[in-house]
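Each remark here refers to the structure printed beneath this line.
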Amino acid sequence: MKTLVIGAGGREHALALALSRDPSVSEVHAAPGNPGIAAFATVHDVDPMDPAAVASLAELLSCDLVVVGPEAPLVAGVADAVRERGISCFGPSADAAQLEGSKAFAKDVMAAAEVPTAMAHVCETPEQIEAALDAFGPPYVVKDDGLAAGKGVVVTDDRAVAQAHALGCERVVIEEFLDGPEVSLFAITDGVTVFPLLPAQDFKRIFDADQGPNTGGMGAYTPLPWAPEGLVEDVLARVLQPTVDELARRGATFSGLLYAGLALTRRGTKVIEFNARFGDPETQPLMALLDSPLGVLLKAAADGALHEVEQPRWKSGAAVAVVMASAGYPESSRSGDVITGTTEAQDQAQCDVIHAGTALVDGNLVTAGGRVLAVTAVGADLAEARAKAYAGVGAITFDGAQFRTDIAAKAAAGKDHV
């Protein structure tokens, strides 16, 4: 099976690596890819936001499967363009991807499907914004309705900050704050059958103890030893399957990866948000622990034949990913700092060093984005996986490197999050 992964981040590196380890996959290509992916796959300089160019590349390569990683190309219709050429594509149509592309659309789908979520107001005027902030009070949860590259959500006790963010959005969703720990639950679906993956947890704040501004995610781990019994089955029955069924009813069949961001509140499990693709950095530990051939799963979902293959299998133990970010992140990011030690982290610490914001300049691997690397390790339990991941982090150096030291620490210590 020839595969083509669209995107250039850590999620795409993790997916491409898992595909390369699938015996059924003969070739892995990526567009545009990154230096980490280029170590085992063929990269192509194609704009991932150009549906026709992506489809033409897939056709030229005679690909059997295209996997679209990021959300923006999905909303732009890349998956539609690929499927129009008769090529299997893992990723929802532009219509179905509105589940992530528009938070107002997602709220409407959840209401129709009776999916538990936060109460919310969709606002387009200053008067509506003021009324919604009054209605919910602090902590204020303000979400840009559209895609914002992970920077569209503000959670704050400061009304002025919430108001400023809301006024800067063309359309905004203001909703009640959901208490309790957050969980990410991904599911592979062909629009009918839904296969949930292991629940994972990521860490959004830049500093230890959940301090500092939000980021795209500074690390993640799976499984969750503290998760309530029956969590996955409950979310499948009350969230994932009803959402997939409702989208099918609307003629926007969702085929791809459905990501439910959940809050385990005192009033039960509720959806914070949906994404229409694999999440980063949760994908890294999930792919490290997956024991099923990824290409087989994704191809079956793309072809509407998920019911014909076995559900995902998992290795025993646990996996942890620790993100190393560049100087200045998340407010800014410095580029061009030379990175050393990635080989030592892989060989000596037995980690996968997943590239996100890297580039090759004059033969040197350098930083080229906010989140630079995700050092990912598998162990017999979370404590061992953490130790290996942090040993890998310790082997890698670049000026201004930032990383949290407490990824999965509470869970590894047996402290209950619920």
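For the structure tokens, the naming scheme is as follows: chains receive sequential letters (A, B, ...) according to their order of presentation, residues are indexed from 1 within each chain, and ligands are indexed from 1 in presentation order.
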
Residues within 8 Å of A:Thr342, only C-alpha atoms, excluding chain neighbours under 5 positions, as a list in words: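 The contact residues come out as Val353, Gly392, Ala395 and Ile396 of chain A.
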
If you run DSSP over the backbone, which residues in stretch 99-304 of chain A end up alpha helix (DSSP H)? Put them as a PyMOL selection string. chain A and resi 99-101+103-113+126-136+159-167+231-235+241-249+283-289+294-302

Which one of A:His355, A:Arg205, A:His121, A:His13 sits closest to A:Ala166 if you count only C-alpha atoms?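 The shortest atom-to-atom distance to A:Ala166 comes from A:His121.
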
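Non-sequential neighbours of A:Leu198 (distance at most 9 Å, separation of 2 or more positions within a chain, only C-alpha atoms) are A:Ser184, A:Leu185, A:Phe186, A:Ala187, A:Pro196, A:Ala200, A:Thr222, A:Pro223, A:Leu224, A:Val232, A:Leu286, A:Trp314.
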
Go ahead and save the picked residues with C-alpha atoms, as a compact mmCIF listing (two decimals), in the first residue's frame.
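part-v8.txt was written with the following content:
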```
# COMPACT_ATOMS: atom_id res chain seq x y z
CA SER A 184 -9.09 13.47 24.92
CA LEU A 185 -10.84 10.54 23.28
CA PHE A 186 -10.17 9.90 19.59
CA ALA A 187 -12.26 7.62 17.39
CA PRO A 196 -12.68 4.54 19.93
CA ALA A 200 -5.33 10.36 26.63
CA THR A 222 -1.95 7.31 27.68
CA PRO A 223 -3.65 5.30 29.15
CA LEU A 224 -5.28 7.07 32.09
CA VAL A 232 -14.90 4.89 26.81
CA LEU A 286 -1.22 6.84 21.06
CA TRP A 314 -2.77 -1.90 22.14
```

Could you pull out the residues in stretch 139-277 of chain A that DSSP calls strand (DSSP E or B) from the backbone, as a ChimeraX atom specification? /A:140-144,153-156,172-175,182-189,194-196,200-202,205-207,211-214,219-222,256-265,268-275

Quick one: write out the picked residues with C-alpha atoms as a PDB file, in the first residue's frame?
```pdb
ATOM      1  CA  TYR A 140     -15.076  33.295  31.073  1.00  0.00           C
ATOM      2  CA  VAL A 141     -14.764  30.829  28.183  1.00  0.00           C
ATOM      3  CA  VAL A 142     -14.536  32.646  24.849  1.00  0.00           C
ATOM      4  CA  LYS A 143     -14.018  30.755  21.585  1.00  0.00           C
ATOM      5  CA  ASP A 144     -13.466  32.102  18.096  1.00  0.00           C
ATOM      6  CA  VAL A 153      -9.843  29.982  22.910  1.00  0.00           C
ATOM      7  CA  VAL A 154      -9.435  32.179  25.980  1.00  0.00           C
ATOM      8  CA  VAL A 155     -10.306  31.009  29.497  1.00  0.00           C
ATOM      9  CA  THR A 156      -9.889  33.807  32.018  1.00  0.00           C
ATOM     10  CA  VAL A 172     -17.671  34.086  18.821  1.00  0.00           C
ATOM     11  CA  VAL A 173     -19.043  31.355  21.075  1.00  0.00           C
ATOM     12  CA  ILE A 174     -19.197  32.231  24.774  1.00  0.00           C
ATOM     13  CA  GLU A 175     -20.032  29.339  27.078  1.00  0.00           C
ATOM     14  CA  GLU A 182      -9.981  17.060  30.762  1.00  0.00           C
ATOM     15  CA  VAL A 183      -9.668  13.936  28.633  1.00  0.00           C
ATOM     16  CA  SER A 184      -9.094  13.470  24.916  1.00  0.00           C
ATOM     17  CA  LEU A 185     -10.838  10.537  23.284  1.00  0.00           C
ATOM     18  CA  PHE A 186     -10.170   9.899  19.593  1.00  0.00           C
ATOM     19  CA  ALA A 187     -12.264   7.625  17.394  1.00  0.00           C
ATOM     20  CA  ILE A 188     -11.723   6.237  13.913  1.00  0.00           C
ATOM     21  CA  THR A 189     -14.965   6.127  11.921  1.00  0.00           C
ATOM     22  CA  VAL A 194     -16.972   3.946  15.291  1.00  0.00           C
ATOM     23  CA  PHE A 195     -13.791   2.554  16.871  1.00  0.00           C
ATOM     24  CA  PRO A 196     -12.677   4.544  19.928  1.00  0.00           C
ATOM     25  CA  ALA A 200      -5.333  10.358  26.629  1.00  0.00           C
ATOM     26  CA  GLN A 201      -4.603  13.572  28.476  1.00  0.00           C
ATOM     27  CA  ASP A 202      -2.562  16.542  27.310  1.00  0.00           C
ATOM     28  CA  ARG A 205      -0.207  25.408  29.909  1.00  0.00           C
ATOM     29  CA  ILE A 206       3.406  26.295  29.159  1.00  0.00           C
ATOM     30  CA  PHE A 207       4.759  25.906  32.708  1.00  0.00           C
ATOM     31  CA  GLN A 211       0.794  27.771  35.080  1.00  0.00           C
ATOM     32  CA  GLY A 212       1.267  30.337  32.328  1.00  0.00           C
ATOM     33  CA  PRO A 213      -0.534  30.831  29.013  1.00  0.00           C
ATOM     34  CA  ASN A 214      -2.213  28.124  26.976  1.00  0.00           C
ATOM     35  CA  GLY A 219       2.947  16.858  26.459  1.00  0.00           C
ATOM     36  CA  ALA A 220       0.533  13.958  26.760  1.00  0.00           C
ATOM     37  CA  TYR A 221       0.188  10.403  28.000  1.00  0.00           C
ATOM     38  CA  THR A 222      -1.947   7.306  27.684  1.00  0.00           C
ATOM     39  CA  GLY A 256     -11.941  10.054   9.430  1.00  0.00           C
ATOM     40  CA  LEU A 257     -10.780  10.858  12.943  1.00  0.00           C
ATOM     41  CA  LEU A 258     -13.325  12.299  15.350  1.00  0.00           C
ATOM     42  CA  TYR A 259     -11.659  13.895  18.382  1.00  0.00           C
ATOM     43  CA  ALA A 260     -13.773  14.611  21.447  1.00  0.00           C
ATOM     44  CA  GLY A 261     -12.285  16.933  24.041  1.00  0.00           C
ATOM     45  CA  LEU A 262     -14.089  16.072  27.265  1.00  0.00           C
ATOM     46  CA  ALA A 263     -14.496  17.484  30.759  1.00  0.00           C
ATOM     47  CA  LEU A 264     -15.274  15.019  33.550  1.00  0.00           C
ATOM     48  CA  THR A 265     -17.483  17.377  35.538  1.00  0.00           C
ATOM     49  CA  GLY A 268     -21.117  14.004  34.286  1.00  0.00           C
ATOM     50  CA  THR A 269     -18.945  13.871  31.187  1.00  0.00           C
ATOM     51  CA  LYS A 270     -19.440  16.794  28.791  1.00  0.00           C
ATOM     52  CA  VAL A 271     -17.931  17.757  25.444  1.00  0.00           C
ATOM     53  CA  ILE A 272     -15.661  20.800  25.457  1.00  0.00           C
ATOM     54  CA  GLU A 273     -14.975  20.677  21.724  1.00  0.00           C
ATOM     55  CA  PHE A 274     -14.747  18.456  18.681  1.00  0.00           C
ATOM     56  CA  ASN A 275     -11.825  18.257  16.294  1.00  0.00           C
TER      57      ASN A 275
END
```

I'd like to know which of A:Leu19, A:Ala79, A:Lys204, A:Leu4 is closest to A:Met287, using only C-alpha atoms. A:Leu19

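Between A:Met218 and the residues A:Phe105, A:Tyr329, A:Phe254, A:Phe177, the shortest atom-to-atom distance, using only C-alpha atoms, involves A:Tyr329.
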
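Each of A:Val296, A:Ala383, A:Cys123, A:Ala58 was checked against A:Gly414 using only C-alpha atoms; the smallest atom-to-atom distance is that of A:Ala383.
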
Counting only C-alpha atoms, which residues of stretch 24-135 of chain A fall within 12 Å of stretch 365-381 of chain A, and what is the closest atom pair for each with its distance in Å at one decimal, ordered by chain and rising number, as CSV?
```
residue,atom,partner,partner_atom,distance
A:Asn34,CA,A:Ala368,CA,10.3
A:Pro35,CA,A:Leu365,CA,7.9
A:Gly36,CA,A:Leu373,CA,9.5
```

Atom CA of A:Ala135 to atom CA of A:Val161 measures 16.7 Å

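Restricting the calculation to only C-alpha atoms, the smallest distance between A:Pro48 and any of A:Leu61, A:Asp179, A:Thr397, A:Pro32 is found for A:Pro32.
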